[in-house]
Amino acid sequence: MFIVSITYTSALERIDQFIPAHIEFLDEQYRQGHFLLSGPKVPRTGGFILATVEGRSQLDEILAQDPFRRESLADYEVMEFAPTRSSQSLAFLVGA
């Protein structure tokens with residue numbers, strides 16, 4: 001499982017131009033089962049993605065399709081972790 005921290009490197013006006021394409025990208029990844037959770041940082045300086053994919057190379061290929069990355073609008077920090085405990089509602093993630 002991976003946490004992706006996205007930090008904008010461009011003005012929000014430029015980011016906003018690519019929000020529709022970014023949402024299409026996210027929707028496709030949810031359809032394929034790659035992303036479990038995503039949303040903006042507060043304050044709006046970027047966002048987070050919780051991803052479950054086979055490995056880092058697959059995630060890198062997926063993230064390369066994000067319009068924010070293609071247009072060099074943001075930096076991406078990827079952290080892999082192995083969940084070992086959770087609330088009952090998220091128990092399906094343990095061992096993922």
# chains A, B, ... in the order shown; residues from 1 in each chain; ligands from 1
call {"tool": "residues_around", "arguments": {"residues": "Glu54 in chain A", "least_positions_apart": "3", "cutoff": "10 Å", "atoms": "only C-alpha atoms", "output": "PyMOL selection string"}}
result
chain A and resi 1+34+51+57-59+96
call {"tool": "select_by_dssp", "arguments": {"residues": "chain A", "states": "helix (DSSP H, G or I)", "output": "PyMOL selection string"}}
result
chain A and resi 12-17+19-31+56-63+67-70+88-93
call {"tool": "write_last_selection", "arguments": {"atoms": "N, CA and C atoms", "output": "tab-separated table (two decimals), in the first residue's frame"}}
result
chain	number	residue	atom	x	y	z
A	12	LEU	N	-2.12	28.27	-8.08
A	12	LEU	CA	-3.43	27.60	-8.12
A	12	LEU	C	-4.20	27.90	-9.40
A	13	GLU	N	-4.00	29.06	-9.97
A	13	GLU	CA	-4.68	29.38	-11.24
A	13	GLU	C	-4.27	28.38	-12.33
A	14	ARG	N	-3.01	28.02	-12.34
A	14	ARG	CA	-2.52	27.04	-13.32
A	14	ARG	C	-3.01	25.63	-12.95
A	15	ILE	N	-2.98	25.30	-11.68
A	15	ILE	CA	-3.49	24.01	-11.21
A	15	ILE	C	-4.94	23.85	-11.62
A	16	ASP	N	-5.74	24.89	-11.39
A	16	ASP	CA	-7.17	24.83	-11.68
A	16	ASP	C	-7.47	24.54	-13.14
A	17	GLN	N	-6.58	24.92	-14.03
A	17	GLN	CA	-6.78	24.63	-15.46
A	17	GLN	C	-6.77	23.12	-15.73
A	19	ILE	N	-7.61	20.71	-13.30
A	19	ILE	CA	-8.45	19.95	-12.36
A	19	ILE	C	-9.37	18.98	-13.10
A	20	PRO	N	-10.09	19.39	-14.15
A	20	PRO	CA	-10.96	18.41	-14.84
A	20	PRO	C	-10.20	17.19	-15.35
A	21	ALA	N	-9.03	17.38	-15.94
A	21	ALA	CA	-8.24	16.25	-16.43
A	21	ALA	C	-7.72	15.41	-15.27
A	22	HIS	N	-7.35	16.05	-14.16
A	22	HIS	CA	-6.88	15.32	-12.98
A	22	HIS	C	-8.01	14.46	-12.41
A	23	ILE	N	-9.22	14.99	-12.39
A	23	ILE	CA	-10.37	14.23	-11.89
A	23	ILE	C	-10.65	13.03	-12.79
A	24	GLU	N	-10.53	13.20	-14.10
A	24	GLU	CA	-10.69	12.07	-15.02
A	24	GLU	C	-9.64	11.00	-14.72
A	25	PHE	N	-8.41	11.42	-14.49
A	25	PHE	CA	-7.33	10.50	-14.14
A	25	PHE	C	-7.68	9.74	-12.87
A	26	LEU	N	-8.11	10.46	-11.82
A	26	LEU	CA	-8.48	9.82	-10.56
A	26	LEU	C	-9.62	8.82	-10.78
A	27	ASP	N	-10.66	9.25	-11.49
A	27	ASP	CA	-11.82	8.38	-11.72
A	27	ASP	C	-11.40	7.07	-12.39
A	28	GLU	N	-10.49	7.16	-13.35
A	28	GLU	CA	-10.03	5.94	-14.04
A	28	GLU	C	-9.27	5.03	-13.07
A	29	GLN	N	-8.46	5.59	-12.23
A	29	GLN	CA	-7.71	4.77	-11.27
A	29	GLN	C	-8.63	4.13	-10.24
A	30	TYR	N	-9.69	4.83	-9.83
A	30	TYR	CA	-10.69	4.22	-8.94
A	30	TYR	C	-11.41	3.08	-9.66
A	31	ARG	N	-11.76	3.27	-10.93
A	31	ARG	CA	-12.42	2.21	-11.70
A	31	ARG	C	-11.55	0.96	-11.78
A	56	ARG	N	5.86	-0.57	-6.57
A	56	ARG	CA	6.24	0.82	-6.81
A	56	ARG	C	6.35	1.12	-8.30
A	57	SER	N	6.87	0.20	-9.08
A	57	SER	CA	7.01	0.47	-10.52
A	57	SER	C	5.64	0.68	-11.18
A	58	GLN	N	4.64	-0.11	-10.77
A	58	GLN	CA	3.30	0.07	-11.31
A	58	GLN	C	2.74	1.43	-10.90
A	59	LEU	N	2.95	1.81	-9.64
A	59	LEU	CA	2.47	3.11	-9.17
A	59	LEU	C	3.15	4.24	-9.94
A	60	ASP	N	4.44	4.13	-10.16
A	60	ASP	CA	5.15	5.17	-10.92
A	60	ASP	C	4.57	5.32	-12.33
A	61	GLU	N	4.24	4.19	-12.97
A	61	GLU	CA	3.63	4.25	-14.30
A	61	GLU	C	2.27	4.94	-14.25
A	62	ILE	N	1.50	4.63	-13.22
A	62	ILE	CA	0.17	5.25	-13.06
A	62	ILE	C	0.31	6.74	-12.83
A	63	LEU	N	1.18	7.13	-11.89
A	63	LEU	CA	1.33	8.55	-11.55
A	63	LEU	C	1.86	9.36	-12.72
A	67	PRO	N	-2.18	14.42	-15.01
A	67	PRO	CA	-1.89	15.70	-15.69
A	67	PRO	C	-1.01	16.63	-14.86
A	68	PHE	N	-1.14	16.61	-13.55
A	68	PHE	CA	-0.28	17.46	-12.72
A	68	PHE	C	1.19	17.08	-12.90
A	69	ARG	N	1.46	15.79	-13.03
A	69	ARG	CA	2.85	15.35	-13.23
A	69	ARG	C	3.28	15.61	-14.67
A	70	ARG	N	2.43	15.27	-15.63
A	70	ARG	CA	2.77	15.48	-17.04
A	70	ARG	C	3.12	16.93	-17.33
A	88	GLN	N	-12.42	-1.53	12.67
A	88	GLN	CA	-13.19	-2.62	12.04
A	88	GLN	C	-13.59	-2.27	10.61
A	89	SER	N	-13.94	-1.00	10.38
A	89	SER	CA	-14.42	-0.63	9.05
A	89	SER	C	-13.32	-0.69	7.99
A	90	LEU	N	-12.05	-0.66	8.42
A	90	LEU	CA	-10.95	-0.71	7.47
A	90	LEU	C	-10.13	-2.00	7.56
A	91	ALA	N	-10.68	-3.00	8.22
A	91	ALA	CA	-9.96	-4.25	8.42
A	91	ALA	C	-9.51	-4.91	7.12
A	92	PHE	N	-10.24	-4.68	6.05
A	92	PHE	CA	-9.89	-5.28	4.76
A	92	PHE	C	-8.53	-4.75	4.23
A	93	LEU	N	-8.02	-3.66	4.79
A	93	LEU	CA	-6.75	-3.11	4.35
A	93	LEU	C	-5.55	-3.75	5.05
call {"tool": "residues_around", "arguments": {"residues": "Arg44 in chain A", "least_positions_apart": "3", "cutoff": "9 Å", "atoms": "only C-alpha atoms", "output": "number ranges by chain"}}
result
A: 8, 12, 40-41, 47
call {"tool": "select_by_dssp", "arguments": {"residues": "range 25-59 of chain A", "states": "strand (DSSP E or B)", "output": "list of chain:residue names"}}
result
A:Phe35, A:Leu36, A:Leu37, A:Ser38, A:Gly39, A:Pro40, A:Gly46, A:Gly47, A:Phe48, A:Ile49, A:Leu50, A:Ala51
call {"tool": "write_last_selection", "arguments": {"atoms": "C-alpha atoms", "output": "PDB file, in the first residue's frame"}}
result
ATOM      1  CA  PHE A  35      -6.843   4.112  -5.594  1.00  0.00           C
ATOM      2  CA  LEU A  36      -8.749   3.776  -2.313  1.00  0.00           C
ATOM      3  CA  LEU A  37      -8.875   7.369  -1.081  1.00  0.00           C
ATOM      4  CA  SER A  38      -7.819  10.805  -2.268  1.00  0.00           C
ATOM      5  CA  GLY A  39      -8.363  14.444  -1.521  1.00  0.00           C
ATOM      6  CA  PRO A  40      -6.826  17.897  -1.197  1.00  0.00           C
ATOM      7  CA  GLY A  46      -1.575  19.701  -2.952  1.00  0.00           C
ATOM      8  CA  GLY A  47      -3.276  16.436  -2.112  1.00  0.00           C
ATOM      9  CA  PHE A  48      -2.993  12.852  -0.938  1.00  0.00           C
ATOM     10  CA  ILE A  49      -3.728   9.513  -2.589  1.00  0.00           C
ATOM     11  CA  LEU A  50      -3.980   6.146  -0.860  1.00  0.00           C
ATOM     12  CA  ALA A  51      -3.093   3.546  -3.479  1.00  0.00           C
TER      13      ALA A  51
END
call {"tool": "closest_residue", "arguments": {"among": "A:Val94, A:Glu77, A:Glu71, A:Thr9", "to": "Thr45 in chain A", "atoms": "only C-alpha atoms"}}
result
A:Thr9
call {"tool": "atom_distance", "arguments": {"atom1": "CA of Gly55 in chain A", "atom2": "CA of Ile6 in chain A"}}
result
18.6 Å
call {"tool": "atom_distance", "arguments": {"atom1": "CA of Glu80 in chain A", "atom2": "CA of Phe18 in chain A"}}
result
26.8 Å
call {"tool": "residues_around", "arguments": {"residues": "Ser10 in chain A", "least_positions_apart": "6", "cutoff": "9 Å", "atoms": "only C-alpha atoms", "output": "MDAnalysis selection string"}}
result
chainID A and resid 72:74
